[in-house]
Amino acid sequence: MKLTEKILESIAGKWKAPPVIINTTSKPKEPNSMEFNLDYALNKQYLLKFKNGFPYDIMGKKILEIGCGQGGISTFLAVNGASYVIGTDINTFHLEVADQFKNKIQNELKIDLSDRLLFKVEDAYNMSFEESSFDIIIADNVFEHFMQPEKVLGECQRILKPGGLVIIPNFNSIYSKYGAHLKYGLKLPWVNLFFSEKTICRTLFNMAQKNPQLKKAYPGISPTTTKIKDLRAYQDLNSMTFKKFSEMAHANGFKIASFVISPPFKKFKFLFSSMYRVQYLKFGRLSDIFSIGVSCVLTKVNSK
């Protein structure tokens with residue numbers, strides 16, 4: 001084991017990270033279990049929107065959610081005034097969860113969502129919808145996971161109505177505080193700024209020899225893995241930065257209506273806010289680094 005791997009593993013052992021399997025009073029809830037994912041849809045998606053609100057006009061709107069996951073957000077929108085919501089994903093298990101969650105909400109609220117809410121498999125790079133089909137497209141926590149994000153923006157531009165919105169509640173720069181997306185085992189801020197990808201992958205491999213549960217979180221762990229993206233089940237982590245995203249948005253006929261960066265430390269929010277207001281710095285590397293992520297809204301202003 002190399003010295004850098006020993007150092008990183010030692011630091012990781014002292015840093016708080018969530019367990020891969022959550023122990024409860026009844027039975028463990030694994031991230032790939034139906035129980036875990038239904039709980040996620042309820043508490044991390046559906047109820048979180050009730051708590052924090054959704055500050056956009058959705059009444060009577062036709063909405064597409066790309067990367068809907070377990071379906072909690074799409075269900076929230078359908079319950080609260082959208083005329084029709086389609087939630088898409090490539091993860092068929094998550095879509096199964098979404099359908100079960102939809103049924104759960106229908107039963108509890110005694111409503112029928114069959115004509116207002118649909119979940120389906122869809123390729124975000126080549127969507128099956130007709131031009132100008134939607135008023136709003138939502139893509140939460142997914143843009144850093146598209147390996148061809150410019151193609152997704154092109155498809156969004158095509159299927160949005162003129163003046164339509166792309167709402168992105170959050171996405172990370174690869175340089176953001178937790179941009180490496182290593183929640184389990186190596187939840188260290190800015191770990192990919194201080195250690196090479198090869199060192200990170202090797203360290204996780206070493207840690208997995210002692211804690212095999214890490215393989216559930218990172219199926220790509222192996223002695224030959226050298227890229228963080230290859231640790232993931234779908235190899236879906238790009239090198240997105242705020243500047244790259246801005247350039248892609250403009251190139252695909254969008255105006256950036258809102259671009260709100262979340263600071264890494266709330267205590268010093270006022271200092272970071274001053275930096276974010278300077279246009280040159282807003283889309284510079286420092287803003288990427290000194291951020292948790294960004295909330296963004298794009299407006300379709302013209303066709304490509």
# chains A, B, ... in the order shown; residues from 1 in each chain; ligands from 1

call {"tool": "residues_around", "arguments": {"residues": "Asn211 of chain A", "least_positions_apart": "5", "cutoff": "10 Å", "atoms": "only C-alpha atoms", "output": "list of chain:residue names"}}
result
A:Val20, A:Gly185, A:Leu204, A:Phe205, A:Asn206

call {"tool": "write_last_selection", "arguments": {"atoms": "N, CA and C atoms", "output": "PDB file, in the first residue's frame"}}
result
ATOM      1  N   VAL A  20     -23.278   2.023   4.728  1.00  0.00           N
ATOM      2  CA  VAL A  20     -23.877   1.536   3.493  1.00  0.00           C
ATOM      3  C   VAL A  20     -25.220   0.874   3.786  1.00  0.00           C
ATOM      4  N   GLY A 185     -17.918   5.787   2.829  1.00  0.00           N
ATOM      5  CA  GLY A 185     -16.519   5.418   3.006  1.00  0.00           C
ATOM      6  C   GLY A 185     -15.551   6.570   2.940  1.00  0.00           C
ATOM      7  N   LEU A 204     -10.229   3.012  -1.739  1.00  0.00           N
ATOM      8  CA  LEU A 204     -11.532   2.368  -1.580  1.00  0.00           C
ATOM      9  C   LEU A 204     -11.419   0.852  -1.747  1.00  0.00           C
ATOM     10  N   PHE A 205     -10.576   0.414  -2.662  1.00  0.00           N
ATOM     11  CA  PHE A 205     -10.358  -1.025  -2.822  1.00  0.00           C
ATOM     12  C   PHE A 205      -9.775  -1.618  -1.543  1.00  0.00           C
ATOM     13  N   ASN A 206      -8.781  -0.934  -0.966  1.00  0.00           N
ATOM     14  CA  ASN A 206      -8.179  -1.403   0.284  1.00  0.00           C
ATOM     15  C   ASN A 206      -9.205  -1.441   1.410  1.00  0.00           C
TER      16      ASN A 206
END

call {"tool": "select_by_dssp", "arguments": {"residues": "segment 135-184 of chain A", "states": "helix (DSSP H, G or I)", "output": "ChimeraX atom specification"}}
result
/A:143-145,149-159

call {"tool": "closest_residue", "arguments": {"among": "A:Leu186, A:Ala180, A:Ala98, A:Ala12", "to": "His145 of chain A", "atoms": "only C-alpha atoms"}}
result
A:Ala180

call {"tool": "residues_around", "arguments": {"residues": "Glu131 of chain A", "least_positions_apart": "5", "cutoff": "10 Å", "atoms": "only C-alpha atoms", "output": "list in words"}}
result
Glu155, Cys156, Gln157, Arg158, Ile159, Leu160 and Lys161 of chain A

call {"tool": "closest_residue", "arguments": {"among": "A:Asn43, A:Gln148, A:Thr199, A:Ser287", "to": "Lys6 of chain A", "atoms": "only C-alpha atoms"}}
result
A:Thr199

call {"tool": "closest_residue", "arguments": {"among": "A:Lys269, A:Gly60, A:Asp99, A:Asp39", "to": "Gly81 of chain A", "atoms": "only C-alpha atoms"}}
result
A:Gly60

call {"tool": "closest_residue", "arguments": {"among": "A:Lys2, A:Leu231, A:Leu214, A:His181", "to": "Cys201 of chain A", "atoms": "only C-alpha atoms"}}
result
A:Leu231

call {"tool": "residues_around", "arguments": {"residues": "Phe171 of chain A", "least_positions_apart": "2", "cutoff": "9 Å", "atoms": "only C-alpha atoms", "output": "count of residues only"}}
result
14

call {"tool": "residues_around", "arguments": {"residues": "Ile138 of chain A", "least_positions_apart": "3", "cutoff": "6 Å", "atoms": "only C-alpha atoms", "output": "PyMOL selection string"}}
result
chain A and resi 65+166-168

call {"tool": "closest_residue", "arguments": {"among": "A:Met207, A:Ala233, A:Ile90, A:Leu193", "to": "Glu5 of chain A", "atoms": "only C-alpha atoms"}}
result
A:Met207

call {"tool": "select_by_dssp", "arguments": {"residues": "segment 153-248 of chain A", "states": "strand (DSSP E)", "output": "compact mmCIF listing (two decimals) with C-alpha atoms, in the first residue's frame"}}
result
# COMPACT_ATOMS: atom_id res chain seq x y z
CA LEU A 160 -39.69 22.61 -24.53
CA LYS A 161 -42.33 25.09 -25.61
CA PRO A 162 -41.09 28.61 -26.48
CA GLY A 163 -40.38 30.43 -23.22
CA GLY A 164 -40.35 27.13 -21.33
CA LEU A 165 -38.15 26.54 -18.31
CA VAL A 166 -35.49 24.02 -17.40
CA ILE A 167 -35.40 23.95 -13.61
CA ILE A 168 -32.30 22.43 -12.04
CA PRO A 169 -32.71 22.57 -8.24
CA ASN A 170 -29.15 21.35 -7.76
CA PHE A 171 -26.07 20.13 -9.54

call {"tool": "residues_around", "arguments": {"residues": "segment 108-118 of chain A", "least_positions_apart": "3", "cutoff": "6 Å", "atoms": "only C-alpha atoms", "output": "PyMOL selection string"}}
result
chain A and resi 84-86+105
